[in-house]
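File shown here: entry24.txt, holding compact mmCIF, C-alpha atoms.
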```
# COMPACT_ATOMS: atom_id res chain seq x y z
CA MET A 270 52.46 -16.26 55.74
CA ALA A 271 52.71 -14.06 58.81
CA LYS A 272 50.35 -14.38 61.77
CA ASP A 273 47.75 -11.61 61.99
CA LYS A 274 49.47 -9.91 64.94
CA ASP A 275 52.76 -9.83 63.02
CA LYS A 276 51.35 -8.40 59.80
CA VAL A 277 52.45 -4.98 58.64
CA ALA A 278 51.80 -2.79 55.65
CA ASN A 279 54.75 -2.70 53.30
CA VAL A 280 55.82 -0.41 50.48
CA ILE A 281 58.58 -1.17 47.97
CA ALA A 282 59.92 0.75 44.99
CA VAL A 283 61.60 -1.16 42.16
CA MET A 284 63.67 0.88 39.70
CA ALA A 285 65.65 -0.45 36.74
CA PRO A 286 66.39 0.66 33.18
CA ALA A 287 65.29 -2.66 31.67
CA THR A 288 61.75 -4.01 31.80
CA VAL A 289 63.01 -7.58 32.05
CA GLU A 290 64.87 -6.80 35.28
CA VAL A 291 61.90 -5.01 36.84
CA ARG A 292 59.64 -7.92 35.94
CA GLU A 293 61.93 -10.49 37.55
CA ILE A 294 62.50 -8.42 40.70
CA VAL A 295 58.76 -7.88 41.12
CA ASP A 296 58.00 -11.58 40.58
CA ASP A 297 60.55 -12.51 43.27
CA LEU A 298 59.09 -9.96 45.70
CA VAL A 299 55.55 -11.18 45.10
CA ARG A 300 56.57 -14.77 45.81
CA SER A 301 58.46 -13.70 48.94
CA VAL A 302 55.30 -12.07 50.31
CA LEU A 303 52.61 -14.48 49.12
CA GLY A 304 54.53 -17.72 48.75
CA ALA A 305 55.46 -19.71 45.67
CA ASP A 306 51.92 -21.06 45.08
CA TYR A 307 50.04 -17.89 45.89
CA ASP A 308 46.35 -17.38 45.26
CA PRO A 309 45.94 -15.26 42.07
CA TYR A 310 43.23 -13.24 43.85
CA ALA A 311 45.92 -11.97 46.22
CA LEU A 312 47.71 -10.06 43.46
CA VAL A 313 46.47 -6.89 41.74
CA ARG A 314 48.36 -5.19 38.90
CA VAL A 315 47.56 -1.66 37.71
CA GLU A 316 49.14 0.90 35.38
CA ALA A 317 49.75 4.35 36.89
CA ALA A 318 49.07 6.01 33.53
CA ILE A 319 45.43 4.84 33.58
CA THR A 320 44.89 4.41 37.33
CA PRO A 321 44.73 7.69 39.29
CA PRO A 322 45.28 7.48 43.06
CA ALA A 323 41.53 7.67 43.75
CA GLU A 324 41.07 4.39 41.82
CA LEU A 325 44.10 2.85 43.50
CA GLN A 326 42.79 3.34 47.05
CA PRO A 327 40.15 0.55 46.97
CA HIS A 328 42.87 -1.93 45.97
CA LEU A 329 44.98 -0.86 48.95
CA MET A 330 42.16 -0.91 51.48
CA GLY A 331 40.27 -4.04 50.45
CA ALA A 332 42.09 -7.36 50.79
CA SER A 333 40.66 -10.30 48.87
CA LEU A 334 38.10 -12.39 50.72
CA MET A 335 40.06 -15.43 49.53
CA ALA A 336 43.53 -14.25 50.63
CA ASP A 337 44.80 -12.95 53.98
CA ASP A 338 47.75 -11.04 52.47
CA HIS A 339 47.65 -9.22 49.19
CA VAL A 340 50.02 -7.32 46.90
CA VAL A 341 49.32 -4.38 44.63
CA VAL A 342 51.83 -3.77 41.84
CA VAL A 343 51.76 -0.33 40.21
CA SER A 344 53.64 -0.13 36.90
CA SER A 345 55.42 3.11 35.95
CA ALA A 346 54.54 5.02 39.10
CA ASN A 347 56.47 7.99 37.68
CA ASP A 348 53.58 8.48 35.23
CA TRP A 349 51.59 9.99 38.09
CA SER A 350 51.92 13.74 38.39
CA ALA A 351 53.80 15.21 41.33
CA ALA A 352 50.50 16.07 43.04
CA GLN A 353 49.18 12.54 42.50
CA GLN A 354 52.34 11.03 43.95
CA ARG A 355 51.90 13.17 47.06
CA ASP A 356 48.30 11.93 47.33
CA VAL A 357 49.64 8.38 47.26
CA VAL A 358 51.85 9.14 50.27
CA THR A 359 48.73 9.95 52.28
CA MET A 360 47.14 6.65 51.22
CA LEU A 361 50.25 4.69 52.14
CA ARG A 362 50.14 6.08 55.68
CA HIS A 363 46.73 4.44 56.16
CA MET A 364 47.36 1.16 54.37
CA PRO A 365 46.02 -1.81 56.37
CA ALA A 366 48.29 -4.53 57.70
CA GLY A 367 48.83 -7.41 55.31
CA THR A 368 48.97 -5.12 52.27
CA THR A 369 52.12 -4.72 50.21
CA ILE A 370 52.39 -2.18 47.40
CA ILE A 371 55.18 -2.34 44.83
CA LEU A 372 55.78 0.78 42.75
CA THR A 373 57.92 0.36 39.62
CA VAL A 374 59.91 2.82 37.54
CA VAL A 375 61.40 1.59 34.25
CA GLY A 376 63.74 3.09 31.66
CA GLU A 377 65.87 6.22 31.80
CA ALA A 378 63.70 7.65 34.59
CA ALA A 379 64.81 4.80 36.85
CA THR A 380 68.42 5.97 36.82
CA GLY A 381 67.64 9.68 36.79
CA HIS A 382 68.11 12.19 39.60
CA ALA A 383 64.47 12.16 40.74
CA PRO A 384 62.55 9.07 39.58
CA LEU A 385 59.76 9.89 42.04
CA VAL A 386 58.88 13.08 43.93
CA SER A 387 60.92 13.50 47.10
CA ASP A 388 57.93 13.12 49.48
CA LEU A 389 57.07 9.69 48.07
CA LEU A 390 60.64 8.49 47.76
CA GLN A 391 61.52 9.56 51.29
CA TYR A 392 58.45 7.80 52.68
CA ILE A 393 59.38 4.56 50.88
CA GLU A 394 62.98 4.77 52.09
CA ALA A 395 61.83 5.36 55.68
CA GLN A 396 58.98 2.84 55.84
CA GLY A 397 59.89 0.25 53.22
CA LYS A 398 62.73 -0.26 50.80
CA VAL A 399 63.98 0.76 47.36
CA VAL A 400 65.36 -1.90 45.02
CA LYS A 401 67.41 -0.22 42.32
CA ARG A 402 69.43 -1.61 39.40
CA GLN A 403 71.83 0.25 37.15
CA LYS A 404 72.16 -0.32 33.43
CA VAL A 405 74.52 -3.18 32.58
CA GLN A 406 77.78 -1.69 31.35
CA LYS A 407 78.92 -2.50 27.83
CA ARG A 408 81.96 -4.38 29.09
CA ASN A 409 79.65 -6.67 31.08
CA LEU A 410 76.96 -7.15 28.45
CA GLY A 411 78.57 -10.24 26.99
CA GLN A 412 78.49 -11.98 30.37
CA TRP A 413 74.92 -10.78 30.94
CA ILE A 414 73.83 -12.19 27.57
CA SER A 415 75.42 -15.54 28.36
CA GLN A 416 73.59 -15.63 31.69
CA ARG A 417 70.27 -14.72 30.09
CA ALA A 418 70.79 -17.38 27.41
CA ALA A 419 71.51 -20.00 30.09
CA LYS A 420 68.32 -18.98 31.88
CA ALA A 421 66.46 -19.46 28.60
CA GLY A 422 67.89 -22.98 28.36
CA VAL A 423 70.50 -22.50 25.63
CA GLU A 424 74.18 -21.68 25.28
CA MET A 425 75.52 -18.79 23.19
CA ASP A 426 79.10 -18.95 21.96
CA GLY A 427 81.32 -15.87 21.74
CA GLY A 428 80.60 -15.34 18.06
CA ALA A 429 76.85 -15.36 18.68
CA VAL A 430 77.17 -12.86 21.52
CA GLU A 431 79.28 -10.50 19.41
CA GLU A 432 76.91 -10.80 16.46
CA LEU A 433 73.91 -10.06 18.67
CA LEU A 434 75.57 -6.96 20.15
CA SER A 435 76.53 -5.70 16.70
CA ARG A 436 72.91 -5.99 15.57
CA VAL A 437 70.90 -4.66 18.50
CA GLY A 438 73.35 -2.57 20.56
CA GLU A 439 72.93 -2.16 24.32
CA ASP A 440 69.14 -2.27 24.69
CA GLN A 441 68.66 -4.99 27.33
CA ASP A 442 64.96 -5.45 26.63
CA ARG A 443 65.62 -5.84 22.91
CA ILE A 444 68.45 -8.29 23.69
CA GLU A 445 66.16 -10.29 25.99
CA GLY A 446 63.49 -10.50 23.31
CA GLU A 447 66.00 -11.70 20.75
CA ILE A 448 67.41 -14.32 23.15
CA GLU A 449 63.92 -15.71 23.72
CA LYS A 450 63.39 -15.94 19.97
CA LEU A 451 66.79 -17.54 19.38
CA ALA A 452 66.26 -20.03 22.22
CA THR A 453 62.92 -21.08 20.76
CA TYR A 454 64.50 -21.56 17.35
CA ALA A 455 67.54 -23.51 18.59
CA GLY A 456 65.65 -25.64 21.10
CA PRO A 457 66.30 -26.52 24.77
CA GLY A 458 69.88 -27.45 25.57
CA GLN A 459 71.19 -26.42 22.16
CA LYS A 460 73.87 -23.89 21.20
CA VAL A 461 72.95 -20.59 19.54
CA THR A 462 75.51 -19.64 16.90
CA ALA A 463 76.37 -16.45 15.04
CA GLN A 464 74.61 -17.95 12.01
CA HIS A 465 71.39 -18.26 14.01
CA VAL A 466 71.66 -14.61 15.07
CA ALA A 467 72.35 -13.45 11.49
CA LEU A 468 69.30 -15.40 10.31
CA LEU A 469 66.80 -14.29 12.94
CA THR A 470 67.88 -10.93 14.38
CA PRO A 471 67.39 -7.76 12.29
CA ARG A 472 69.81 -4.92 12.78
CA THR A 473 68.88 -1.70 14.52
CA ALA A 474 69.56 1.51 12.59
CA GLU A 475 72.77 2.07 14.57
CA GLY A 476 73.89 -1.51 14.03
CA SER A 477 73.15 -1.27 10.30
CA ILE A 478 75.24 1.89 9.89
CA PHE A 479 78.25 0.44 11.71
CA ALA A 480 78.07 -2.76 9.65
CA LEU A 481 77.58 -0.80 6.43
CA VAL A 482 80.55 1.50 7.09
CA ASP A 483 82.67 -1.53 7.99
CA ALA A 484 81.77 -3.20 4.70
CA MET A 485 82.39 -0.05 2.65
CA ALA A 486 85.69 0.72 4.35
CA GLU A 487 86.88 -2.83 3.60
CA GLY A 488 85.66 -2.68 0.02
CA ARG A 489 83.14 -5.51 0.55
CA ALA A 490 80.69 -4.22 -2.03
CA GLU A 491 78.45 -7.30 -2.02
CA ASP A 492 77.99 -7.19 1.76
CA ALA A 493 77.42 -3.43 1.66
CA GLN A 494 74.72 -3.74 -0.99
CA ARG A 495 73.02 -6.51 1.01
CA LEU A 496 73.01 -4.31 4.12
CA VAL A 497 71.46 -1.43 2.19
CA ARG A 498 68.70 -3.69 0.88
CA GLU A 499 68.07 -4.98 4.43
CA TYR A 500 67.82 -1.43 5.73
CA LEU A 501 65.47 -0.01 3.10
CA PRO A 502 61.72 -0.71 3.56
CA PRO A 503 59.36 -1.82 0.77
CA THR A 504 57.46 1.50 0.97
CA GLY A 505 58.37 5.09 1.84
CA MET A 506 61.64 4.62 -0.02
CA ASP A 507 62.52 8.31 -0.52
CA ASP A 508 62.21 9.13 3.18
CA ALA A 509 64.16 6.01 4.14
CA VAL A 510 67.02 6.83 1.76
CA ILE A 511 67.14 10.43 3.00
CA GLY A 512 67.35 9.07 6.54
CA LEU A 513 70.15 6.73 5.46
CA MET A 514 72.05 9.66 3.91
CA GLY A 515 71.74 11.61 7.15
CA MET A 516 73.08 8.74 9.25
CA LEU A 517 75.94 8.09 6.82
CA ALA A 518 76.91 11.77 6.80
CA ARG A 519 76.82 11.91 10.60
CA HIS A 520 78.95 8.78 10.87
CA LEU A 521 81.50 10.08 8.38
CA ARG A 522 81.77 13.35 10.32
CA LEU A 523 82.54 11.32 13.44
CA LEU A 524 85.24 9.42 11.55
CA TRP A 525 86.72 12.70 10.31
CA GLN A 526 87.01 13.95 13.91
CA VAL A 527 88.83 10.77 14.95
CA ARG A 528 91.22 11.14 12.00
CA ALA A 529 91.74 14.85 12.74
CA MET A 530 92.90 14.10 16.30
CA GLY A 531 95.50 11.69 14.93
CA PRO A 532 97.60 9.21 16.94
CA LYS A 533 98.26 11.77 19.70
CA TYR A 534 94.84 11.09 21.26
CA ARG A 535 92.98 7.83 21.84
CA LEU A 536 89.22 8.25 21.77
CA THR A 537 88.73 5.57 24.43
CA GLU A 538 90.74 7.66 26.93
CA LEU A 539 89.11 11.07 26.38
CA ASN A 540 86.52 12.70 28.64
CA GLU A 541 86.36 15.90 26.62
CA VAL A 542 87.53 17.27 23.30
CA PRO A 543 91.23 18.23 23.41
CA GLU A 544 91.63 21.99 23.78
CA GLU A 545 93.34 22.38 20.41
CA PHE A 546 90.22 20.97 18.69
CA ALA A 547 87.56 22.56 20.92
CA GLY A 548 86.73 25.30 18.43
CA LYS A 549 87.04 23.09 15.37
CA PHE A 550 84.73 20.19 16.14
CA PRO A 551 80.96 20.65 15.80
CA ALA A 552 78.66 20.52 18.81
CA ASP A 553 76.55 17.90 17.03
CA PRO A 554 77.81 15.37 16.34
CA ASN A 555 80.73 15.72 18.72
CA VAL A 556 82.61 12.45 18.75
CA VAL A 557 83.72 12.61 22.41
CA ALA A 558 80.15 13.27 23.57
CA VAL A 559 78.73 10.58 21.27
CA VAL A 560 80.98 7.82 22.63
CA ALA A 561 80.73 8.87 26.31
CA GLY A 562 80.27 5.67 28.32
CA LYS A 563 80.39 3.55 25.16
CA LYS A 564 83.89 2.16 24.90
CA TRP A 565 82.77 -0.35 22.29
CA MET A 566 81.63 2.49 20.02
CA ALA A 567 84.89 4.40 20.53
CA GLU A 568 86.88 1.31 19.61
CA ARG A 569 84.84 0.70 16.46
CA LEU A 570 85.14 4.32 15.35
CA MET A 571 88.91 4.20 15.85
CA ARG A 572 89.13 0.97 13.88
CA GLN A 573 87.00 2.36 11.06
CA ALA A 574 88.89 5.66 10.97
CA GLY A 575 92.09 3.67 10.60
CA ARG A 576 90.85 2.36 7.26
CA HIS A 577 90.41 5.86 5.82
CA THR A 578 92.45 8.89 4.98
CA GLU A 579 91.10 12.34 5.73
CA ASP A 580 90.85 12.89 1.97
CA SER A 581 88.77 9.72 1.45
CA ILE A 582 86.35 10.76 4.22
CA ILE A 583 85.87 14.21 2.67
CA LYS A 584 85.26 12.65 -0.75
CA ALA A 585 82.77 10.24 0.79
CA LEU A 586 80.90 13.12 2.44
CA ARG A 587 80.66 14.90 -0.89
CA GLN A 588 79.21 11.78 -2.47
CA VAL A 589 76.63 11.47 0.33
CA TYR A 590 75.59 15.11 0.02
CA ALA A 591 75.24 14.79 -3.76
CA ALA A 592 73.04 11.71 -3.36
CA ASP A 593 70.95 13.49 -0.73
CA LEU A 594 70.38 16.47 -3.04
CA THR A 595 69.50 14.09 -5.87
CA ILE A 596 66.82 12.35 -3.79
CA LYS A 597 65.40 15.72 -2.71
CA GLY A 598 65.21 16.86 -6.35
CA VAL A 599 67.77 19.66 -6.08
CA LEU A 600 70.03 17.86 -8.55
CA ASP A 601 68.82 16.08 -11.67
CA ARG A 602 67.21 12.77 -10.70
CA ARG A 603 66.81 9.96 -13.18
CA LEU A 604 66.83 6.92 -10.90
CA PRO A 605 64.55 5.61 -8.13
CA ALA A 606 65.67 6.14 -4.55
CA ASP A 607 66.93 2.59 -3.96
CA ALA A 608 69.11 2.77 -7.09
CA VAL A 609 70.58 6.09 -5.92
CA ALA A 610 71.43 4.47 -2.58
CA GLU A 611 73.01 1.42 -4.21
CA LEU A 612 75.12 3.55 -6.58
CA LEU A 613 76.27 5.67 -3.65
CA VAL A 614 77.31 2.59 -1.67
CA ALA A 615 79.22 1.23 -4.66
CA GLU A 616 81.13 4.51 -4.92
CA LEU A 617 81.83 4.60 -1.19
CA CYS A 618 83.15 1.04 -1.36
CA ARG A 619 85.62 2.20 -4.00
CA LEU A 620 86.69 5.12 -1.82
CA GLY A 621 87.03 2.71 1.10
CA GLN A 622 89.43 0.60 -0.91
CA ASP A 623 91.49 3.74 -1.63
CA GLY A 624 91.91 4.43 2.09
CA ARG A 625 92.36 0.90 3.46
CA ARG A 626 96.08 1.20 4.10
CA ALA A 627 95.72 4.36 6.17
CA ARG A 628 96.43 4.21 9.91
CA PRO A 629 95.39 6.66 12.67
```

Full structure transcribed into structure tokens:
Amino acid sequence: MAKDKDKVANVIAVMAPATVEVREIVDDLVRSVLGADYDPYALVRVEAAITPPAELQPHLMGASLMADDHVVVVSSANDWSAAQQRDVVTMLRHMPAGTTIILTVVGEAATGHAPLVSDLLQYIEAQGKVVKRQKVQKRNLGQWISQRAAKAGVEMDGGAVEELLSRVGEDQDRIEGEIEKLATYAGPGQKVTAQHVALLTPRTAEGSIFALVDAMAEGRAEDAQRLVREYLPPTGMDDAVIGLMGMLARHLRLLWQVRAMGPKYRLTELNEVPEEFAGKFPADPNVVAVVAGKKWMAERLMRQAGRHTEDSIIKALRQVYAADLTIKGVLDRRLPADAVAELLVAELCRLGQDGRRARP
């Protein structure tokens, strides 16, 4: 702890797309200011969304009677309006020595062009510091997962890492939550396997569609039917099946675009739609825009497209549209929604078998 004459007021901004990273950075900063065994009275945490600047000021001006130094952590400072953030700048100019304020910004806003208003950000940069983290790139996520697993006290083999990514995608906070759950299940010092992940980690919608299309394209009808049953909820079946039809149709349109470009173009190497296809591909979904910054997705789409012919994709789209119209009552409906979905998947598996020998 600094001597009184050396004490200064300090302001820090912490910005990261993942909550887990913000939490760990803030915890390290708090310990660096207050010490490892700090007095809990020396730390105040508030949420910007429910704490206007007027209510923040007493925390900044009044140190605890039981602690010489104190830290105020403000979560999601970007929830303050622009005017409120400018008011905070005025408060920071009069913060007493021995006070440290940490402002956090989490999620997409953290990596955006203006996470905080310029007046506040410039003041922090001039008088304190900004700690900023970028989103972990897909190519580095496997290593990141292994590191997080080790921190949780377990080891994850390559199969487990791949299975986890296929189920939850790139959401670091979701991945962190699943690692904690898997570590608890496996136990300290144990290895987490792909079987553990398959048992405990549900698929996101995106992960379910990729896995389902893989199974259908390979003609694995049993796996495809299991994935459909996992995806559909016990209630609200019609809406869920309609949503499934929409995602399947969108995915098939992406596959058609990959097939249409043929072997001349590799999706992983494109930054924009080739000029000869610019007027032919839809604006939404546009496959080049969809996979931007997601090499893993481009690679999976190319692999899946290689199992189809253009004709089999068009036939599959027709089947999806017919099922969608059946659920909505436009065509004659004699079966419940889940049965319509299962029949559709069976038919798409057959079409997948027809196109398995195709190559991009």

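Interatomic distance, atom CA of A:Asn555 against atom CA of A:Val497: 25.6 Å.
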
| message | Given the point (50.5, -3.3, 50.5) in the file's coordinates, find the residues that have an atom at most 12 Å from it, counting only C-alpha atoms, and give them as a ChimeraX atom specification. | response | /A:276-282,298-299,302-303,311-314,325-332,337-343,360-372,393,396-397

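In terms of minimum interatomic distance to A:Trp565, A:Gly411 ranks closest within A:Gly512, A:Gly411, A:Gly428, A:Pro457, counting all atoms listed in the file.
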
| Residue contacts of A:Val559 (12 Å, all atoms listed in the file) excluding same-chain residues fewer than 3 positions away, as a ChimeraX atom specification | /A:519-520,522-524,526-527,536-537,539-542,551-556,562-567,570

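Closest to A:Met485 among A:Ser581, A:Asn409, A:Gln464, A:Thr288 is A:Ser581, based on only C-alpha atoms.
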
| With distances taken over all atoms listed in the file, which of A:Arg498, A:His382, A:Arg408, A:Arg402 is nearest to A:Val289? | A:Arg402

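Counting from atom CA of A:Lys407, the distance to atom CA of A:Tyr534 is 21.9 Å.
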
| request: Dig up all the protein and nucleic acid residues within 12 Å of (71.3, -14.1, 16.1) in the file frame, using all atoms listed in the file, and format them as a PyMOL selection string. | output: chain A and resi 414+418+425-437+444-455+460-472

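Ranking A:Ala346, A:Met284, A:Ala585, A:Ile478 by their shortest atom-to-atom distance to A:Ala615, with all atoms listed in the file included, puts A:Ala585 first.
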
| field | Å distance separating atom CA of A:Thr320 from atom CA of A:Ala285, one decimal place | value | 21.3 Å

Could you make a table, as JSON lines, of the residues of stretch 531-610 of chain A that have an atom within 8 Å of an atom of stretch 506-511 of chain A, each with its nearest atom pair and distance in Å to one decimal, counting only C-alpha atoms, in chain and number order?
```
{"residue": "A:Asp593", "atom": "CA", "partner": "A:Ile511", "partner_atom": "CA", "distance": 6.1}
{"residue": "A:Ile596", "atom": "CA", "partner": "A:Asp507", "partner_atom": "CA", "distance": 6.7}
{"residue": "A:Lys597", "atom": "CA", "partner": "A:Ile511", "partner_atom": "CA", "distance": 8.0}
{"residue": "A:Ala606", "atom": "CA", "partner": "A:Asp507", "partner_atom": "CA", "distance": 5.6}
{"residue": "A:Asp607", "atom": "CA", "partner": "A:Met506", "partner_atom": "CA", "distance": 6.9}
{"residue": "A:Ala610", "atom": "CA", "partner": "A:Val510", "partner_atom": "CA", "distance": 6.6}
```

Output C-alpha atoms for every residue in that selection, as a compact mmCIF listing (two decimals), in the frame of the given file.
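Listed below is the output, result-v8.txt:
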```
# COMPACT_ATOMS: atom_id res chain seq x y z
CA ASP A 593 70.95 13.49 -0.73
CA ILE A 596 66.82 12.35 -3.79
CA LYS A 597 65.40 15.72 -2.71
CA ALA A 606 65.67 6.14 -4.55
CA ASP A 607 66.93 2.59 -3.96
CA ALA A 610 71.43 4.47 -2.58
```

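Of the listed residues A:Leu390, A:Ile319, A:Leu501, A:Val589, the one whose atoms come nearest to A:Ser477 is A:Leu501, with distances taken using only C-alpha atoms.
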